[in-house]
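Asker: Below you'll find input_28.json; it's JSON, N, CA and C atoms.
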[["chain", "number", "residue", "atom", "x", "y", "z"],
["A", 1, "MET", "N", 7.75, -21.02, -7.99],
["A", 1, "MET", "CA", 6.66, -21.34, -7.10],
["A", 1, "MET", "C", 5.36, -20.86, -7.75],
["A", 2, "LEU", "N", 4.71, -21.77, -8.41],
["A", 2, "LEU", "CA", 3.46, -21.47, -9.07],
["A", 2, "LEU", "C", 2.33, -22.14, -8.31],
["A", 3, "GLY", "N", 1.16, -21.55, -8.40],
["A", 3, "GLY", "CA", 0.00, -22.13, -7.74],
["A", 3, "GLY", "C", -0.11, -21.63, -6.31],
["A", 4, "PRO", "N", -1.05, -22.21, -5.58],
["A", 4, "PRO", "CA", -1.28, -21.75, -4.21],
["A", 4, "PRO", "C", -0.10, -22.10, -3.30],
["A", 5, "LEU", "N", 0.12, -21.25, -2.32],
["A", 5, "LEU", "CA", 1.16, -21.48, -1.32],
["A", 5, "LEU", "C", 0.60, -22.42, -0.26],
["A", 6, "ARG", "N", 1.23, -23.59, -0.14],
["A", 6, "ARG", "CA", 0.79, -24.58, 0.84],
["A", 6, "ARG", "C", 1.99, -25.10, 1.59],
["A", 7, "VAL", "N", 1.80, -25.38, 2.87],
["A", 7, "VAL", "CA", 2.82, -26.01, 3.69],
["A", 7, "VAL", "C", 2.19, -27.23, 4.33],
["A", 8, "LEU", "N", 2.84, -28.38, 4.14],
["A", 8, "LEU", "CA", 2.34, -29.63, 4.69],
["A", 8, "LEU", "C", 3.26, -30.12, 5.80],
["A", 9, "ASP", "N", 2.67, -30.67, 6.83],
["A", 9, "ASP", "CA", 3.42, -31.29, 7.93],
["A", 9, "ASP", "C", 2.84, -32.68, 8.12],
["A", 10, "ASP", "N", 3.60, -33.69, 7.76],
["A", 10, "ASP", "CA", 3.12, -35.07, 7.79],
["A", 10, "ASP", "C", 1.80, -35.22, 7.04],
["A", 11, "GLY", "N", 1.68, -34.56, 5.90],
["A", 11, "GLY", "CA", 0.50, -34.67, 5.06],
["A", 11, "GLY", "C", -0.63, -33.72, 5.40],
["A", 12, "ALA", "N", -0.56, -33.08, 6.57],
["A", 12, "ALA", "CA", -1.60, -32.15, 6.97],
["A", 12, "ALA", "C", -1.22, -30.72, 6.56],
["A", 13, "GLU", "N", -2.15, -30.01, 5.93],
["A", 13, "GLU", "CA", -1.88, -28.64, 5.51],
["A", 13, "GLU", "C", -1.95, -27.70, 6.71],
["A", 14, "LEU", "N", -0.92, -26.87, 6.85],
["A", 14, "LEU", "CA", -0.85, -25.92, 7.96],
["A", 14, "LEU", "C", -1.59, -24.63, 7.60],
["A", 15, "ASP", "N", -2.17, -24.00, 8.61],
["A", 15, "ASP", "CA", -2.86, -22.72, 8.42],
["A", 15, "ASP", "C", -1.82, -21.61, 8.39],
["A", 16, "LEU", "N", -1.65, -20.99, 7.23],
["A", 16, "LEU", "CA", -0.64, -19.96, 7.05],
["A", 16, "LEU", "C", -1.18, -18.55, 7.28],
["A", 17, "GLY", "N", -2.43, -18.43, 7.66],
["A", 17, "GLY", "CA", -3.02, -17.13, 7.91],
["A", 17, "GLY", "C", -3.58, -16.52, 6.64],
["A", 18, "GLY", "N", -3.86, -15.23, 6.73],
["A", 18, "GLY", "CA", -4.49, -14.51, 5.64],
["A", 18, "GLY", "C", -3.54, -14.15, 4.51],
["A", 19, "PRO", "N", -4.07, -13.46, 3.50],
["A", 19, "PRO", "CA", -3.27, -13.16, 2.31],
["A", 19, "PRO", "C", -1.99, -12.36, 2.59],
["A", 20, "ARG", "N", -2.05, -11.38, 3.47],
["A", 20, "ARG", "CA", -0.84, -10.59, 3.74],
["A", 20, "ARG", "C", 0.22, -11.41, 4.46],
["A", 21, "GLN", "N", -0.21, -12.22, 5.39],
["A", 21, "GLN", "CA", 0.76, -13.08, 6.09],
["A", 21, "GLN", "C", 1.36, -14.09, 5.12],
["A", 22, "ARG", "N", 0.57, -14.60, 4.20],
["A", 22, "ARG", "CA", 1.06, -15.52, 3.17],
["A", 22, "ARG", "C", 2.04, -14.80, 2.24],
["A", 23, "THR", "N", 1.80, -13.52, 1.99],
["A", 23, "THR", "CA", 2.72, -12.74, 1.16],
["A", 23, "THR", "C", 4.07, -12.61, 1.84],
["A", 24, "VAL", "N", 4.06, -12.44, 3.16],
["A", 24, "VAL", "CA", 5.33, -12.40, 3.90],
["A", 24, "VAL", "C", 6.07, -13.72, 3.70],
["A", 25, "LEU", "N", 5.40, -14.83, 3.88],
["A", 25, "LEU", "CA", 6.05, -16.14, 3.70],
["A", 25, "LEU", "C", 6.53, -16.32, 2.27],
["A", 26, "ALA", "N", 5.72, -15.95, 1.30],
["A", 26, "ALA", "CA", 6.12, -16.09, -0.11],
["A", 26, "ALA", "C", 7.37, -15.25, -0.39],
["A", 27, "THR", "N", 7.45, -14.07, 0.18],
["A", 27, "THR", "CA", 8.62, -13.21, -0.01],
["A", 27, "THR", "C", 9.86, -13.87, 0.57],
["A", 28, "LEU", "N", 9.74, -14.46, 1.75],
["A", 28, "LEU", "CA", 10.88, -15.14, 2.37],
["A", 28, "LEU", "C", 11.29, -16.35, 1.56],
["A", 29, "LEU", "N", 10.32, -17.10, 1.06],
["A", 29, "LEU", "CA", 10.63, -18.28, 0.26],
["A", 29, "LEU", "C", 11.31, -17.91, -1.05],
["A", 30, "ALA", "N", 10.82, -16.85, -1.68],
["A", 30, "ALA", "CA", 11.39, -16.43, -2.96],
["A", 30, "ALA", "C", 12.83, -15.94, -2.80],
["A", 31, "SER", "N", 13.17, -15.47, -1.61],
["A", 31, "SER", "CA", 14.51, -14.94, -1.35],
["A", 31, "SER", "C", 15.44, -15.95, -0.69],
["A", 32, "HIS", "N", 14.93, -17.12, -0.36],
["A", 32, "HIS", "CA", 15.72, -18.14, 0.32],
["A", 32, "HIS", "C", 17.00, -18.42, -0.46],
["A", 33, "PRO", "N", 18.13, -18.47, 0.16],
["A", 33, "PRO", "CA", 18.43, -18.48, 1.59],
["A", 33, "PRO", "C", 18.78, -17.11, 2.16],
["A", 34, "HIS", "N", 18.54, -16.06, 1.41],
["A", 34, "HIS", "CA", 18.95, -14.72, 1.83],
["A", 34, "HIS", "C", 17.93, -14.06, 2.75],
["A", 35, "ALA", "N", 18.42, -13.18, 3.61],
["A", 35, "ALA", "CA", 17.55, -12.40, 4.49],
["A", 35, "ALA", "C", 16.87, -11.30, 3.70],
["A", 36, "VAL", "N", 15.67, -10.95, 4.13],
["A", 36, "VAL", "CA", 14.88, -9.91, 3.47],
["A", 36, "VAL", "C", 14.68, -8.77, 4.46],
["A", 37, "PRO", "N", 15.11, -7.56, 4.10],
["A", 37, "PRO", "CA", 14.90, -6.41, 4.99],
["A", 37, "PRO", "C", 13.41, -6.17, 5.22],
["A", 38, "VAL", "N", 13.07, -5.73, 6.41],
["A", 38, "VAL", "CA", 11.68, -5.46, 6.76],
["A", 38, "VAL", "C", 11.06, -4.47, 5.77],
["A", 39, "ASP", "N", 11.81, -3.45, 5.36],
["A", 39, "ASP", "CA", 11.27, -2.46, 4.42],
["A", 39, "ASP", "C", 10.84, -3.11, 3.11],
["A", 40, "ARG", "N", 11.59, -4.09, 2.65],
["A", 40, "ARG", "CA", 11.21, -4.78, 1.41],
["A", 40, "ARG", "C", 9.95, -5.61, 1.61],
["A", 41, "ILE", "N", 9.84, -6.24, 2.78],
["A", 41, "ILE", "CA", 8.62, -7.02, 3.08],
["A", 41, "ILE", "C", 7.42, -6.09, 3.10],
["A", 42, "VAL", "N", 7.57, -4.92, 3.72],
["A", 42, "VAL", "CA", 6.48, -3.93, 3.75],
["A", 42, "VAL", "C", 6.08, -3.58, 2.32],
["A", 43, "ASP", "N", 7.06, -3.33, 1.45],
["A", 43, "ASP", "CA", 6.76, -3.01, 0.04],
["A", 43, "ASP", "C", 6.01, -4.15, -0.64],
["A", 44, "GLU", "N", 6.41, -5.38, -0.39],
["A", 44, "GLU", "CA", 5.76, -6.53, -1.02],
["A", 44, "GLU", "C", 4.32, -6.69, -0.54],
["A", 45, "VAL", "N", 4.07, -6.42, 0.73],
["A", 45, "VAL", "CA", 2.74, -6.62, 1.30],
["A", 45, "VAL", "C", 1.79, -5.49, 0.95],
["A", 46, "TRP", "N", 2.25, -4.23, 1.03],
["A", 46, "TRP", "CA", 1.36, -3.09, 0.87],
["A", 46, "TRP", "C", 1.66, -2.21, -0.34],
["A", 47, "GLY", "N", 2.76, -2.43, -1.03],
["A", 47, "GLY", "CA", 3.09, -1.57, -2.16],
["A", 47, "GLY", "C", 3.37, -0.15, -1.72],
["A", 48, "ASP", "N", 2.82, 0.80, -2.46],
["A", 48, "ASP", "CA", 3.10, 2.22, -2.21],
["A", 48, "ASP", "C", 2.26, 2.83, -1.10],
["A", 49, "ASP", "N", 1.38, 2.07, -0.47],
["A", 49, "ASP", "CA", 0.48, 2.65, 0.52],
["A", 49, "ASP", "C", 0.45, 1.85, 1.83],
["A", 50, "PRO", "N", 1.60, 1.69, 2.49],
["A", 50, "PRO", "CA", 1.62, 0.93, 3.74],
["A", 50, "PRO", "C", 1.01, 1.76, 4.88],
["A", 51, "PRO", "N", 0.40, 1.09, 5.86],
["A", 51, "PRO", "CA", -0.08, 1.81, 7.04],
["A", 51, "PRO", "C", 1.11, 2.23, 7.90],
["A", 52, "GLU", "N", 0.88, 3.17, 8.79],
["A", 52, "GLU", "CA", 1.95, 3.62, 9.70],
["A", 52, "GLU", "C", 2.47, 2.48, 10.56],
["A", 53, "THR", "N", 1.63, 1.50, 10.80],
["A", 53, "THR", "CA", 1.98, 0.37, 11.68],
["A", 53, "THR", "C", 2.59, -0.81, 10.91],
["A", 54, "ALA", "N", 2.94, -0.61, 9.65],
["A", 54, "ALA", "CA", 3.36, -1.72, 8.79],
["A", 54, "ALA", "C", 4.49, -2.55, 9.38],
["A", 55, "GLN", "N", 5.53, -1.90, 9.90],
["A", 55, "GLN", "CA", 6.66, -2.67, 10.43],
["A", 55, "GLN", "C", 6.24, -3.51, 11.63],
["A", 56, "HIS", "N", 5.38, -2.96, 12.47],
["A", 56, "HIS", "CA", 4.87, -3.72, 13.62],
["A", 56, "HIS", "C", 4.02, -4.90, 13.14],
["A", 57, "VAL", "N", 3.17, -4.66, 12.13],
["A", 57, "VAL", "CA", 2.33, -5.73, 11.61],
["A", 57, "VAL", "C", 3.18, -6.84, 10.99],
["A", 58, "VAL", "N", 4.25, -6.47, 10.28],
["A", 58, "VAL", "CA", 5.17, -7.48, 9.72],
["A", 58, "VAL", "C", 5.75, -8.32, 10.86],
["A", 59, "SER", "N", 6.13, -7.68, 11.95],
["A", 59, "SER", "CA", 6.66, -8.43, 13.10],
["A", 59, "SER", "C", 5.64, -9.43, 13.63],
["A", 60, "THR", "N", 4.38, -9.01, 13.66],
["A", 60, "THR", "CA", 3.31, -9.91, 14.12],
["A", 60, "THR", "C", 3.15, -11.08, 13.15],
["A", 61, "TYR", "N", 3.14, -10.79, 11.84],
["A", 61, "TYR", "CA", 3.03, -11.86, 10.85],
["A", 61, "TYR", "C", 4.19, -12.84, 10.97],
["A", 62, "VAL", "N", 5.39, -12.32, 11.13],
["A", 62, "VAL", "CA", 6.57, -13.19, 11.26],
["A", 62, "VAL", "C", 6.46, -14.05, 12.52],
["A", 63, "SER", "N", 6.02, -13.46, 13.61],
["A", 63, "SER", "CA", 5.84, -14.22, 14.84],
["A", 63, "SER", "C", 4.81, -15.34, 14.66],
["A", 64, "ASN", "N", 3.70, -15.01, 14.00],
["A", 64, "ASN", "CA", 2.67, -16.03, 13.73],
["A", 64, "ASN", "C", 3.22, -17.16, 12.87],
["A", 65, "LEU", "N", 3.95, -16.79, 11.82],
["A", 65, "LEU", "CA", 4.53, -17.80, 10.94],
["A", 65, "LEU", "C", 5.57, -18.64, 11.67],
["A", 66, "ARG", "N", 6.32, -18.03, 12.54],
["A", 66, "ARG", "CA", 7.33, -18.76, 13.31],
["A", 66, "ARG", "C", 6.66, -19.84, 14.16],
["A", 67, "ARG", "N", 5.52, -19.51, 14.75],
["A", 67, "ARG", "CA", 4.79, -20.51, 15.55],
["A", 67, "ARG", "C", 4.32, -21.66, 14.66],
["A", 68, "VAL", "N", 3.80, -21.35, 13.49],
["A", 68, "VAL", "CA", 3.27, -22.37, 12.58],
["A", 68, "VAL", "C", 4.39, -23.23, 12.01],
["A", 69, "LEU", "N", 5.51, -22.62, 11.68],
["A", 69, "LEU", "CA", 6.59, -23.31, 10.98],
["A", 69, "LEU", "C", 7.67, -23.86, 11.91],
["A", 70, "GLY", "N", 7.44, -23.80, 13.19],
["A", 70, "GLY", "CA", 8.38, -24.41, 14.13],
["A", 70, "GLY", "C", 9.72, -23.72, 14.21],
["A", 71, "GLY", "N", 9.74, -22.42, 14.10],
["A", 71, "GLY", "CA", 10.97, -21.67, 14.29],
["A", 71, "GLY", "C", 11.89, -21.61, 13.09],
["A", 72, "ARG", "N", 11.42, -21.91, 11.90],
["A", 72, "ARG", "CA", 12.28, -21.88, 10.72],
["A", 72, "ARG", "C", 12.56, -20.47, 10.21],
["A", 73, "ILE", "N", 11.89, -19.49, 10.80],
["A", 73, "ILE", "CA", 12.14, -18.10, 10.40],
["A", 73, "ILE", "C", 13.15, -17.51, 11.37],
["A", 74, "VAL", "N", 14.24, -16.99, 10.81],
["A", 74, "VAL", "CA", 15.32, -16.41, 11.59],
["A", 74, "VAL", "C", 15.28, -14.90, 11.40],
["A", 75, "SER", "N", 15.37, -14.16, 12.51],
["A", 75, "SER", "CA", 15.26, -12.70, 12.46],
["A", 75, "SER", "C", 16.40, -12.06, 13.20],
["A", 76, "ASP", "N", 16.78, -10.86, 12.75],
["A", 76, "ASP", "CA", 17.77, -10.09, 13.49],
["A", 76, "ASP", "C", 17.23, -8.70, 13.85],
["A", 77, "GLY", "N", 15.93, -8.50, 13.68],
["A", 77, "GLY", "CA", 15.33, -7.21, 14.01],
["A", 77, "GLY", "C", 15.17, -6.32, 12.79],
["A", 78, "ARG", "N", 16.09, -6.38, 11.87],
["A", 78, "ARG", "CA", 16.04, -5.55, 10.65],
["A", 78, "ARG", "C", 15.69, -6.36, 9.41],
["A", 79, "SER", "N", 15.81, -7.68, 9.51],
["A", 79, "SER", "CA", 15.52, -8.55, 8.37],
["A", 79, "SER", "C", 15.10, -9.92, 8.88],
["A", 80, "HIS", "N", 14.52, -10.69, 7.96],
["A", 80, "HIS", "CA", 14.05, -12.03, 8.26],
["A", 80, "HIS", "C", 14.46, -12.95, 7.11],
["A", 81, "ARG", "N", 14.67, -14.22, 7.43],
["A", 81, "ARG", "CA", 14.92, -15.21, 6.39],
["A", 81, "ARG", "C", 14.31, -16.52, 6.85],
["A", 82, "ILE", "N", 14.07, -17.38, 5.88],
["A", 82, "ILE", "CA", 13.55, -18.71, 6.21],
["A", 82, "ILE", "C", 14.68, -19.71, 6.06],
["A", 83, "ASP", "N", 14.78, -20.61, 7.01],
["A", 83, "ASP", "CA", 15.84, -21.60, 7.06],
["A", 83, "ASP", "C", 15.24, -22.96, 6.69],
["A", 84, "LEU", "N", 15.55, -23.41, 5.48],
["A", 84, "LEU", "CA", 15.00, -24.67, 4.98],
["A", 84, "LEU", "C", 16.11, -25.63, 4.59],
["A", 85, "ASN", "N", 15.83, -26.91, 4.75],
["A", 85, "ASN", "CA", 16.69, -27.94, 4.19],
["A", 85, "ASN", "C", 16.30, -28.10, 2.73],
["A", 86, "GLY", "N", 17.16, -28.65, 1.93],
["A", 86, "GLY", "CA", 16.92, -28.80, 0.50],
["A", 86, "GLY", "C", 15.64, -29.53, 0.14],
["A", 87, "ASP", "N", 15.22, -30.48, 0.94],
["A", 87, "ASP", "CA", 14.04, -31.27, 0.60],
["A", 87, "ASP", "C", 12.76, -30.72, 1.23],
["A", 88, "GLU", "N", 12.82, -29.55, 1.88],
["A", 88, "GLU", "CA", 11.64, -29.00, 2.52],
["A", 88, "GLU", "C", 10.85, -28.06, 1.61],
["A", 89, "SER", "N", 11.28, -27.90, 0.39],
["A", 89, "SER", "CA", 10.59, -27.05, -0.57],
["A", 89, "SER", "C", 10.51, -27.78, -1.90],
["A", 90, "ASP", "N", 9.40, -27.60, -2.59],
["A", 90, "ASP", "CA", 9.30, -28.21, -3.91],
["A", 90, "ASP", "C", 9.74, -27.25, -5.00],
["A", 91, "ALA", "N", 10.29, -26.08, -4.61],
["A", 91, "ALA", "CA", 10.73, -25.10, -5.61],
["A", 91, "ALA", "C", 11.81, -25.69, -6.52],
["A", 92, "HIS", "N", 12.63, -26.59, -6.00],
["A", 92, "HIS", "CA", 13.68, -27.20, -6.82],
["A", 92, "HIS", "C", 13.10, -28.09, -7.92],
["A", 93, "ASP", "N", 11.85, -28.52, -7.78],
["A", 93, "ASP", "CA", 11.20, -29.36, -8.79],
["A", 93, "ASP", "C", 10.89, -28.60, -10.06],
["A", 94, "LEU", "N", 10.91, -27.26, -10.00],
["A", 94, "LEU", "CA", 10.57, -26.44, -11.16],
["A", 94, "LEU", "C", 11.74, -26.27, -12.11],
["A", 95, "ALA", "N", 12.93, -26.53, -11.64],
["A", 95, "ALA", "CA", 14.12, -26.32, -12.48],
["A", 95, "ALA", "C", 14.28, -27.41, -13.52]]
Would you mind writing the structure in this file as structure tokens?
Answerer:
Amino acid sequence: MLGPLRVLDDGAELDLGGPRQRTVLATLLASHPHAVPVDRIVDEVWGDDPPETAQHVVSTYVSNLRRVLGGRIVSDGRSHRIDLNGDESDAHDLA
């Protein structure tokens, strides 16, 4: 996945939020189809200096992304994953 992160719905680009929220989505996409523990998402978003509220903020980002992506993000409270069909990502075009 090179270049800007974009999601299109019938040709229209969806608003994925700010850089940190986009990092959450990029982390889920890079790990697809596997679930990503919240702690790993926190590390990806903030590195070695996360705020005390990081896990709560990740939950908010995931909720926002779930609204934008129509429920394709699956969560169990401790981890999140993105549920995509094979043709819903252009990542396979890079191989």
Asker: I'd like to know which of A:Gly17, A:Ile41, A:Gly47, A:Ala26 is closest to Leu5 in chain A, using only C-alpha atoms.
Answerer: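 So, comparing all the options, the nearest one is A:Ala26.
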Asker: So the first atom is CA of His34 in chain A and the second is CA of Glu13 in chain A; what is the distance between them in Å, to one decimal place?
Answerer: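 According to the coordinates, CA of His34 in chain A and CA of Glu13 in chain A are separated by 25.3 Å.
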Asker: Need the shell around Ile82 in chain A: protein/DNA/RNA residues with any atom at most 5 Å away, counting only N, CA and C atoms. Skip same-chain ones fewer than 3 positions apart. Format as a list in words?
Answerer: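 What passes the distance filter is Arg72, Ile73 and Val74 of chain A.
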Asker: Taking only C-alpha atoms into account, which of A:Gln55, A:Asn85, A:Thr23, A:Thr60 comes nearest Val38 in chain A?
Answerer: A:Gln55
Asker: Quick one: DSSP strand (DSSP E) residues in chain A, as a PyMOL selection string?
Answerer: chain A and resi 8-9+12-13+36-37+73-75+79-82
Asker: Between A:Ala12, A:Val42, A:Gln21, A:Leu84, which is the closest to Val62 in chain A once you count only C-alpha atoms?
Answerer: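 Result for the nearest residue to Val62 in chain A: A:Gln21.
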Asker: For CA of Arg6 in chain A and CA of His56 in chain A, quote the distance in Å rounded to one decimal.
Answerer: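 Distance reported for this atom pair: 24.8 Å.
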Asker: What is the atom C of Val7 in chain A to CA of Thr27 in chain A distance in Å?
Answerer: 16.0 Å
